[in-house]
Structures are given as C-alpha cells and as structure tokens.
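One file, start-v8.pdb, is given below (PDB, C-alpha atoms).
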```
MODEL        1
ATOM      1  CA  MET A 698     126.423 -25.649  26.641
ATOM      2  CA  LYS A 699     123.713 -26.139  24.021
ATOM      3  CA  ARG A 700     122.747 -29.655  23.048
ATOM      4  CA  LEU A 701     122.300 -30.429  19.404
ATOM      5  CA  VAL A 702     119.073 -32.256  18.634
ATOM      6  CA  GLN A 703     119.490 -34.662  15.764
ATOM      7  CA  LYS A 704     116.622 -34.430  13.305
ATOM      8  CA  ARG A 705     115.142 -37.829  12.443
ATOM      9  CA  ASP A 706     114.246 -38.569   8.830
ATOM     10  CA  GLY A 707     112.242 -41.549   7.520
ATOM     11  CA  PHE A 708     111.253 -44.791   9.235
ATOM     12  CA  THR A 709     113.263 -47.402  11.030
ATOM     13  CA  LEU A 710     113.506 -50.885   9.530
ATOM     14  CA  ILE A 711     111.110 -52.266  12.140
ATOM     15  CA  GLU A 712     108.530 -49.571  11.399
ATOM     16  CA  LEU A 713     108.750 -50.325   7.684
ATOM     17  CA  LEU A 714     108.268 -54.031   8.326
ATOM     18  CA  VAL A 715     105.199 -53.321  10.471
ATOM     19  CA  VAL A 716     103.678 -51.096   7.780
ATOM     20  CA  ILE A 717     104.392 -53.666   5.046
ATOM     21  CA  THR A 718     102.835 -56.422   7.171
ATOM     22  CA  ILE A 719      99.669 -54.373   7.768
ATOM     23  CA  ILE A 720      99.384 -53.561   4.074
ATOM     24  CA  GLY A 721      99.799 -57.250   3.269
ATOM     25  CA  ILE A 722      97.028 -58.239   5.675
ATOM     26  CA  LEU A 723      94.672 -55.591   4.279
ATOM     27  CA  ALA A 724      95.449 -56.668   0.721
ATOM     28  CA  THR A 725      94.545 -60.245   1.646
ATOM     29  CA  LEU A 726      91.267 -59.286   3.317
ATOM     30  CA  ALA A 727      90.113 -56.668   0.803
ATOM     31  CA  PRO A 728      89.154 -58.976  -2.119
ATOM     32  CA  SER A 729      87.075 -61.199   0.181
ATOM     33  CA  ALA A 730      85.268 -58.209   1.670
ATOM     34  CA  ILE A 731      84.657 -56.650  -1.736
ATOM     35  CA  ASN A 732      83.380 -59.940  -3.172
ATOM     36  CA  GLY A 733      81.011 -60.292  -0.230
ATOM     37  CA  VAL A 734      79.580 -56.821  -0.776
ATOM     38  CA  LEU A 735      79.158 -57.416  -4.511
ATOM     39  CA  THR A 736      77.480 -60.793  -3.934
ATOM     40  CA  ASN A 737      75.023 -59.282  -1.465
ATOM     41  CA  ALA A 738      74.203 -56.493  -3.917
ATOM     42  CA  ASN A 739      73.677 -58.954  -6.781
ATOM     43  CA  GLN A 740      71.497 -61.178  -4.591
ATOM     44  CA  ALA A 741      69.350 -58.212  -3.535
ATOM     45  CA  LYS A 742      68.841 -57.265  -7.179
ATOM     46  CA  ALA A 743      68.081 -60.880  -8.129
ATOM     47  CA  LEU A 744      65.602 -61.185  -5.246
ATOM     48  CA  ASN A 745      63.768 -58.119  -6.500
ATOM     49  CA  GLY A 746      63.631 -59.622  -9.997
ATOM     50  CA  ALA A 747      62.279 -62.910  -8.605
ATOM     51  CA  ARG A 748      59.525 -61.005  -6.806
ATOM     52  CA  ASN A 749      58.561 -59.305 -10.062
ATOM     53  CA  VAL A 750      58.322 -62.637 -11.883
ATOM     54  CA  ALA A 751      56.306 -64.167  -9.035
ATOM     55  CA  MET A 752      53.890 -61.240  -9.085
ATOM     56  CA  ALA A 753      53.415 -61.718 -12.831
ATOM     57  CA  LEU A 754      52.713 -65.422 -12.228
ATOM     58  CA  LYS A 755      50.119 -64.527  -9.605
ATOM     59  CA  LEU A 756      48.415 -62.101 -12.001
ATOM     60  CA  TYR A 757      48.396 -64.758 -14.720
ATOM     61  CA  ALA A 758      46.883 -67.315 -12.326
ATOM     62  CA  SER A 759      44.142 -64.894 -11.303
ATOM     63  CA  ASP A 760      43.097 -64.702 -14.970
ATOM     64  CA  HIS A 761      43.306 -68.476 -15.552
ATOM     65  CA  ASP A 762      41.286 -70.107 -12.768
ATOM     66  CA  GLY A 763      44.263 -70.231 -10.407
ATOM     67  CA  SER A 764      46.586 -72.117 -12.785
ATOM     68  CA  PHE A 765      50.104 -70.898 -13.340
ATOM     69  CA  PRO A 766      51.386 -70.976 -16.946
ATOM     70  CA  ALA A 767      52.385 -74.401 -18.269
ATOM     71  CA  GLY A 768      55.605 -75.342 -20.025
ATOM     72  CA  ASP A 769      58.186 -78.113 -20.117
ATOM     73  CA  LYS A 770      60.817 -75.394 -19.809
ATOM     74  CA  ALA A 771      60.566 -72.302 -17.639
ATOM     75  CA  LEU A 772      61.305 -70.225 -20.738
ATOM     76  CA  ASP A 773      58.095 -71.472 -22.393
ATOM     77  CA  ALA A 774      55.979 -70.751 -19.330
ATOM     78  CA  PHE A 775      57.473 -67.319 -18.727
ATOM     79  CA  ASN A 776      56.931 -66.280 -22.332
ATOM     80  CA  LEU A 777      53.213 -66.476 -21.580
ATOM     81  CA  LEU A 778      53.809 -63.603 -19.157
ATOM     82  CA  MET A 779      55.438 -61.386 -21.775
ATOM     83  CA  PRO A 780      53.552 -58.857 -23.933
ATOM     84  CA  ALA A 781      51.867 -60.422 -26.971
ATOM     85  CA  ASP A 782      53.153 -57.559 -29.122
ATOM     86  CA  VAL A 783      54.795 -54.170 -28.775
ATOM     87  CA  GLY A 784      51.405 -52.539 -28.248
ATOM     88  CA  SER A 785      50.346 -54.637 -25.240
ATOM     89  CA  SER A 786      51.559 -54.689 -21.642
ATOM     90  CA  GLY A 787      51.470 -58.385 -20.726
ATOM     91  CA  TYR A 788      51.972 -59.445 -17.108
ATOM     92  CA  ILE A 789      55.575 -58.258 -16.923
ATOM     93  CA  LYS A 790      57.087 -55.385 -18.857
ATOM     94  CA  ASP A 791      60.607 -56.414 -19.839
ATOM     95  CA  LYS A 792      63.354 -59.024 -19.614
ATOM     96  CA  LYS A 793      65.401 -57.440 -16.837
ATOM     97  CA  SER A 794      63.760 -59.455 -14.049
ATOM     98  CA  PHE A 795      64.788 -62.726 -15.734
ATOM     99  CA  ILE A 796      68.492 -61.886 -15.969
ATOM    100  CA  VAL A 797      70.859 -62.416 -13.024
ATOM    101  CA  LYS A 798      74.351 -60.981 -13.171
ATOM    102  CA  GLY A 799      77.052 -63.642 -13.022
ATOM    103  CA  SER A 800      74.707 -66.545 -13.758
ATOM    104  CA  ALA A 801      75.855 -69.126 -16.303
ATOM    105  CA  TRP A 802      72.188 -69.410 -17.335
ATOM    106  CA  THR A 803      72.270 -65.750 -18.428
ATOM    107  CA  PRO A 804      75.847 -65.124 -19.564
ATOM    108  CA  THR A 805      74.914 -61.843 -21.223
ATOM    109  CA  THR A 806      72.871 -58.970 -19.847
ATOM    110  CA  THR A 807      72.149 -57.469 -23.249
ATOM    111  CA  GLU A 808      68.650 -57.585 -24.658
ATOM    112  CA  ALA A 809      69.535 -58.059 -28.295
ATOM    113  CA  GLY A 810      67.024 -59.536 -30.686
ATOM    114  CA  ASP A 811      63.335 -59.847 -29.921
ATOM    115  CA  PRO A 812      62.449 -57.193 -27.298
ATOM    116  CA  ILE A 813      59.295 -59.067 -26.291
ATOM    117  CA  LYS A 814      59.894 -62.816 -26.166
ATOM    118  CA  LEU A 815      62.513 -64.445 -23.958
ATOM    119  CA  LYS A 816      65.246 -66.384 -25.738
ATOM    120  CA  GLU A 817      67.734 -68.941 -24.468
ATOM    121  CA  LYS A 818      70.362 -67.353 -22.204
ATOM    122  CA  GLU A 819      67.885 -64.624 -21.262
ATOM    123  CA  ASN A 820      66.239 -66.470 -18.367
ATOM    124  CA  HIS A 821      67.929 -67.460 -15.108
ATOM    125  CA  TRP A 822      64.915 -68.759 -13.169
ATOM    126  CA  ALA A 823      63.751 -72.350 -12.897
ATOM    127  CA  TYR A 824      60.090 -73.075 -12.250
ATOM    128  CA  PHE A 825      57.771 -75.753 -10.908
ATOM    129  CA  ALA A 826      55.307 -76.385 -13.708
ATOM    130  CA  GLY A 827      51.947 -77.870 -12.782
ATOM    131  CA  LEU A 828      51.290 -75.936  -9.582
ATOM    132  CA  THR A 829      48.242 -73.769  -8.936
ATOM    133  CA  SER A 830      47.487 -70.961  -6.529
ATOM    134  CA  GLU A 831      45.834 -73.628  -4.338
ATOM    135  CA  SER A 832      48.983 -75.776  -4.103
ATOM    136  CA  SER A 833      50.797 -76.104  -0.782
ATOM    137  CA  GLU A 834      51.906 -72.581   0.094
ATOM    138  CA  ASN A 835      55.443 -73.695   1.016
ATOM    139  CA  TRP A 836      56.224 -75.313  -2.308
ATOM    140  CA  PRO A 837      58.919 -73.530  -4.340
ATOM    141  CA  LEU A 838      57.458 -71.774  -7.376
ATOM    142  CA  ILE A 839      60.465 -70.056  -8.940
ATOM    143  CA  PHE A 840      64.076 -70.376  -7.848
ATOM    144  CA  ASP A 841      67.658 -70.057  -9.038
ATOM    145  CA  GLY A 842      68.144 -72.488 -11.896
ATOM    146  CA  PRO A 843      70.004 -75.528 -10.503
ATOM    147  CA  ASN A 844      72.688 -77.466 -12.351
ATOM    148  CA  SER A 845      70.127 -80.007 -13.608
ATOM    149  CA  THR A 846      66.646 -81.392 -12.872
ATOM    150  CA  ASP A 847      68.056 -83.325  -9.909
ATOM    151  CA  GLY A 848      67.837 -80.057  -7.983
ATOM    152  CA  ILE A 849      71.526 -79.910  -7.119
ATOM    153  CA  TYR A 850      73.424 -76.617  -7.291
ATOM    154  CA  SER A 851      77.066 -76.191  -8.236
ATOM    155  CA  THR A 852      79.934 -74.692  -6.254
ATOM    156  CA  LYS A 853      81.506 -73.405  -9.481
ATOM    157  CA  LYS A 854      80.325 -69.986 -10.649
ATOM    158  CA  SER A 855      81.114 -70.911 -14.254
ATOM    159  CA  GLU A 856      78.536 -73.735 -14.213
ATOM    160  CA  ASN A 857      74.753 -73.593 -14.379
ATOM    161  CA  GLY A 858      73.445 -73.389 -10.826
ATOM    162  CA  GLY A 859      76.690 -71.985  -9.485
ATOM    163  CA  VAL A 860      75.935 -68.283  -9.317
ATOM    164  CA  TRP A 861      75.957 -68.328  -5.486
ATOM    165  CA  GLU A 862      78.574 -71.109  -5.349
ATOM    166  CA  GLY A 863      76.243 -73.732  -3.849
ATOM    167  CA  LYS A 864      75.823 -71.777  -0.598
ATOM    168  CA  SER A 865      72.359 -70.284  -1.037
ATOM    169  CA  ALA A 866      69.459 -69.972  -3.437
ATOM    170  CA  ILE A 867      66.820 -67.356  -4.067
ATOM    171  CA  VAL A 868      63.366 -68.879  -3.842
ATOM    172  CA  VAL A 869      59.817 -67.591  -4.198
ATOM    173  CA  ARG A 870      57.206 -69.946  -2.822
ATOM    174  CA  VAL A 871      53.563 -70.371  -3.778
ATOM    175  CA  ASN A 872      52.477 -68.102  -0.915
ATOM    176  CA  GLY A 873      54.569 -65.291  -2.409
ATOM    177  CA  SER A 874      57.327 -65.315   0.206
ATOM    178  CA  ALA A 875      60.683 -64.502  -1.380
ATOM    179  CA  ALA A 876      64.008 -65.051   0.345
ATOM    180  CA  LYS A 877      67.628 -66.033   0.017
ATOM    181  CA  GLU A 878      67.660 -69.503   1.552
ATOM    182  CA  THR A 879      70.678 -71.426   2.805
ATOM    183  CA  LEU A 880      71.487 -74.626   0.924
ATOM    184  CA  THR A 881      72.466 -77.848   2.666
ATOM    185  CA  ASP A 882      74.816 -80.057   0.660
ATOM    186  CA  LYS A 883      73.969 -77.912  -2.403
ATOM    187  CA  LYS A 884      70.282 -78.800  -2.026
ATOM    188  CA  LEU A 885      67.244 -76.759  -1.072
ATOM    189  CA  LYS A 886      65.195 -78.233   1.759
ATOM    190  CA  SER A 887      61.542 -77.591   2.508
ATOM    191  CA  ASP A 888      59.091 -79.023   5.033
ATOM    192  CA  GLY A 889      61.589 -81.697   5.992
ATOM    193  CA  GLN A 890      62.172 -82.798   2.420
ATOM    194  CA  GLU A 891      65.800 -83.676   1.702
ATOM    195  CA  ASN A 892      65.681 -82.030  -1.717
ATOM    196  CA  ALA A 893      62.714 -79.747  -2.308
ATOM    197  CA  LEU A 894      63.555 -79.368  -6.000
ATOM    198  CA  LYS A 895      63.970 -83.000  -6.968
ATOM    199  CA  THR A 896      61.527 -83.940  -9.704
ATOM    200  CA  GLY A 897      59.423 -87.012  -8.974
ATOM    201  CA  ASP A 898      59.100 -86.682  -5.206
ATOM    202  CA  THR A 899      55.605 -87.764  -4.187
ATOM    203  CA  TRP A 900      54.993 -84.597  -2.192
ATOM    204  CA  LEU A 901      55.059 -82.614  -5.455
ATOM    205  CA  LYS A 902      52.045 -84.551  -6.736
ATOM    206  CA  GLY A 903      52.851 -84.351 -10.424
ATOM    207  CA  ALA A 904      54.583 -80.980 -10.550
ATOM    208  CA  THR A 905      57.843 -81.017 -12.490
ATOM    209  CA  CYS A 906      61.033 -79.010 -12.198
ATOM    210  CA  ALA A 907      61.345 -76.941 -15.369
ATOM    211  CA  LEU A 908      64.881 -75.693 -16.009
ATOM    212  CA  PRO A 909      65.334 -72.154 -17.363
ATOM    213  CA  TYR A 910      65.613 -73.402 -20.972
TER     214      TYR A 910
ENDMDL
END
```
Rewrite the structure from the file as structure tokens, please.
Amino acid sequence: MKRLVQKRDGFTLIELLVVITIIGILATLAPSAINGVLTNANQAKALNGARNVAMALKLYASDHDGSFPAGDKALDAFNLLMPADVGSSGYIKDKKSFIVKGSAWTPTTTEAGDPIKLKEKENHWAYFAGLTSESSENWPLIFDGPNSTDGIYSTKKSENGGVWEGKSAIVVRVNGSAAKETLTDKKLKSDGQENALKTGDTWLKGATCALPY
C-alpha cells in the first residue's frame, strides 16, 4: 500500500511569531546602528576640517611672530585666514572646513553670499584667542563650539554645542594634535583641569574662549 505524503504549505503560527519577533528586534536595533555609523562618519569629516583650520592657524602664526590671529569672536579671527580677495589664496581656500553637518552653529551647509569671508552660521569652531605657538602645547586651540563661554556642551542636538550630544568633542591643541575627546559631565578636561574651556581660569593666562560668532 502506498502512503500519501501530505504537502506542507506556508508557516506554522509559531514560526510566524518567531519571524515577527526577529524582525521587531532588528527594527529596534537598526536605527541605533545607523545613527552610530552616521555620527562616526560626520565626526571623521569634522576632524579633518578641524585639522585644516589648525594648519591654517599655524601658517598664519609663522608669518606673525608666532601669534595666532586675534578676535573677540572666532569668526573674526578665522576671517584673517581667508583670502583677501578672489585673486589671492589666503591661508585656507574655502569655507567647507568651518561647517559641520548637524551643528546648530552651522544650520546650513550652503555657501551663499560672500564666497570669501565667513558669515554668521558659517562657522562651527570655537577658538582660544590670545594664544601663541609658544603657549602650553596641551592647551585647546580650536574645538567644537560649546553652548556658551562657560565651556559646557549640550545633550540636545538642536542646541549650540549639542552636535555630539554632550558625549564628545573634537579638539585641536596648540601642538597640532587633533582628536575626538570624551567629555565628562559635558565638559572637556585637560591636564587635570575640571573644565579646560572655561574662560578666566588662571592656567589660561589671559586667553579667552571665543565662540564661533
């Protein structure tokens, strides 16, 4: 006698529940993983831009007896790095290095208007004005613009100083070292200082934290 083999179609209820559960878990994890990859990519691009600005500052200092450009705002100091006119090269060629994607300091990545001079909302980087190439090599020179001159960063991406959500900051120091540095309590620390960006600390010896604009 021949046995009839019943052909099975589709999934059982348990199999469907397992598949749905797996899909649900993946859907929960995917946005976090994607955001992490995008953040790392944006930080790498920002770090490269910070290096370019720091190199321009070094070139400027070499032509001005070791002094970095002065300015109450970073925007004023950095404009001294830009070409004087369309026919000159300046110390840095364009505005791209000053713009960081997702930063509230630079809400637009377009370069409308003056192609040479930096305008408000076209510069993300804060700056320690008053330093020279002979200053302590571990002092921050340029860094992600904090929320205010108190040197505190924000955990909200929509606020100034919140581009990395208060977890890290990109910093270039006087010695030229550039890195993404971990923040502690939304503050950057250096050489044992509780807040390396706080204006008025005696270890800065007169240097002042200049916000982007």
Checklist entry - Nearest to Ala801 in chain A: which of A:Gly889, A:Pro909, A:Gly787, A:Pro837 is it, counting all atoms listed in the file? => result A:Pro909
Checklist entry - For the file shown, what are the residues hit by the PyMOL selection byres ((chain A and resi 870) around 9), laid out as an MDAnalysis selection string? => result chainID A and resid 751 834:840 868:869 871:876
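Candidate residues A:Ser832, A:Thr905, A:Asn745, A:Ser764 were compared for distance to Ser794 in chain A, and the nearest is A:Asn745, using all atoms listed in the file.
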Output check: residues returned by the PyMOL selection byres ((chain A and resi 850) around 7), as a compact mmCIF listing (two decimals) with C-alpha atoms, in the coordinates of the input:
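Below you can see result06.txt, which holds the result:
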```txt
# COMPACT_ATOMS: atom_id res chain seq x y z
CA PRO A 843 70.00 -75.53 -10.50
CA ASN A 844 72.69 -77.47 -12.35
CA GLY A 848 67.84 -80.06 -7.98
CA ILE A 849 71.53 -79.91 -7.12
CA SER A 851 77.07 -76.19 -8.24
CA THR A 852 79.93 -74.69 -6.25
CA GLY A 858 73.44 -73.39 -10.83
CA GLY A 859 76.69 -71.98 -9.48
CA GLY A 863 76.24 -73.73 -3.85
CA LYS A 883 73.97 -77.91 -2.40
CA LYS A 884 70.28 -78.80 -2.03
```
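Note that the spacing between CA of Ser800 in chain A and CA of Glu891 in chain A amounts to 24.7 Å.
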Checklist entry - How many Å lie between CA of Tyr757 in chain A and CA of Asn776 in chain A, rounded to one decimal? => result 11.5 Å
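CA of Ala724 in chain A sits 19.9 Å away from CA of Ile711 in chain A.
This file, filtered with the PyMOL selection byres ((chain A and resi 813) around 10), gives the residues Asn776, Met779, Pro780, Ala781, Asp782, Val783, Gly787, Lys790, Asp791, Lys792, Glu808, Gly810, Asp811, Pro812, Lys814, Leu815 and Lys816 of chain A.
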Item to check | Close residues, Gly768 in chain A itself excluded, 10 Å, all atoms listed in the file, min 5 positions apart in chain, as a count of residues only | outcome: 11
Near range 734-739 of chain A, 10 Å: range 791-863 of chain A residue rows, closest pairs, only C-alpha atoms, as CSV:
```
residue,atom,partner,partner_atom,distance
A:Val797,CA,A:Asn739,CA,7.7
A:Lys798,CA,A:Asn739,CA,6.7
A:Gly799,CA,A:Asn739,CA,8.5
A:Val860,CA,A:Thr736,CA,9.4
A:Trp861,CA,A:Thr736,CA,7.8
```
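In terms of minimum interatomic distance to Ser845 in chain A, A:Trp802 ranks closest within A:Asp882, A:Thr709, A:Ile789, A:Trp802, counting only C-alpha atoms.
Nearest-residue note for Glu819 in chain A: choosing from A:Asn857, A:Ser833, A:Leu772, A:Ile719, the minimum distance belongs to A:Leu772, counting only C-alpha atoms.
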